[in-house]
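J.: If you scroll down you'll find the structure; I have some questions about it.
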Amino acid sequence: MKDIKLNNGKKLIIRTAIKEYARDLIDYVNQIAKESDFLTFGKGEFNITVEKEEDILQNHFDSGNMLYIVALIDDEIVGSLNFGGGHRPRIMHTGEFGVSVLKKYWGLGIGKELVKYMIDWADEGKIIKKINLRVREDNKIAIELYKKLGFKKEGIITRDFYVNEKYYSSIQMGLELD
């Protein structure tokens, strides 16, 4: 767990997502799905039961190469990050993550703090040696953040997103850890 004081004076808590957060996480994801076209899912596309979400959270908790964290302000989930590592020995050292923040909290550095927390977790855990991500090519703010945190552009995936009858490419980025 980590406490951070934000520029707006609020206290942000970053902690592991636990099974008791399952319902709130589902509500959170359904909210962010309405707020951003940069996600891999949109409004009404996240159909999951509380039981399934509890299983996902437990699997992440039990694994040494998976992480699911939430950012809380006044006990409300305002951001989350989900990192999944490989399941086979040859790829256990690598994985990909997704991060999101409620729109009313954009610009406060919450996404940056979640990614930094994940990088520290990976460094301390000694399993993860490569963190990957895909970011839509027109998400300039996120791309700049990832660069500042040490991620490097590794390639382009064409037509990776299809939103509002338009295709978007994504940039594949990675961070190597030693």
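Chain labels run A, B, ... following the order of the structure tokens; each chain numbers its residues from 1, and ligands are numbered from 1 in the order shown.
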Report as a ChimeraX atom specification all protein, DNA and RNA residues lying within 10 Å of His60 (chain A), evaluated on only C-alpha atoms, omitting residues in the same chain fewer than 6 positions from it.
T.: /A:16-18,54,66-69,82-85
J.: If you count only C-alpha atoms, which residues fall within 6 Å of Met173 (chain A), apart from same-chain ones fewer than 3 positions away, as a count of residues only?
T.: 6
J.: Would you kindly return, as a PyMOL selection string, each protein, DNA or RNA residue with an atom no farther than 9 Å from any atom of Ile13 (chain A), considering only C-alpha atoms and excluding same-chain residues fewer than 2 positions away?
T.: chain A and resi 1-5+11+15+70-75
J.: Name the residues in contact with Ile32 (chain A) at a cut-off of 9 Å, using only C-alpha atoms, excluding same-chain residues fewer than 6 positions from it; report them as a PyMOL selection string.
T.: chain A and resi 39+42-43+100-103
J.: Under the rule that only C-alpha atoms are counted, which of A:Glu165, A:Glu96, A:Asp178, A:Asp138 is the nearest residue to Glu124 (chain A)?
T.: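 Of the candidates, the smallest distance to Glu124 (chain A) is held by A:Asp178.
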J.: Rank A:Asn65, A:Asn7, A:Ser170, A:Ser80 by their smallest atom-to-atom distance to Ile26 (chain A), using only C-alpha atoms, and report the top residue only.
T.: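 Among the listed residues, the smallest separation from Ile26 (chain A) belongs to A:Ser80.
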J.: Between CA of Leu81 (chain A) and CA of Asp55 (chain A), what distance in Å does the model show, to one decimal?
T.: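 Answer for the CA of Leu81 (chain A) to CA of Asp55 (chain A) separation: 16.6 Å.
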J.: Can you work out which one of A:Lys130, A:Lys166, A:Lys19, A:Lys112 has the shortest atom-to-atom distance to Tyr146 (chain A), counting only C-alpha atoms?
T.: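 Selected residue with least distance to Tyr146 (chain A): A:Lys112.
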J.: Which polymer residues have any atom within 9 Å of an atom of His93 (chain A), counting only C-alpha atoms, with same-chain residues fewer than 3 positions away left out, as number ranges by chain?
T.: A: 65, 85-86, 89-90, 126-131
J.: Using only C-alpha atoms, which of A:Leu175, A:Val135, A:Ala22, A:Leu6 sits nearest Leu149 (chain A)?
T.: A:Leu175
J.: As an exercise, work out the distance from CA of Ala122 (chain A) to CA of Arg23 (chain A) in Å and give it to one decimal place.
T.: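 These two atoms are separated by 27.1 Å.
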J.: When you draw a straight line from CA of Glu176 (chain A) to CA of Leu145 (chain A), how long is it in Å?
T.: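 Answer for the CA of Glu176 (chain A) to CA of Leu145 (chain A) separation: 16.3 Å.
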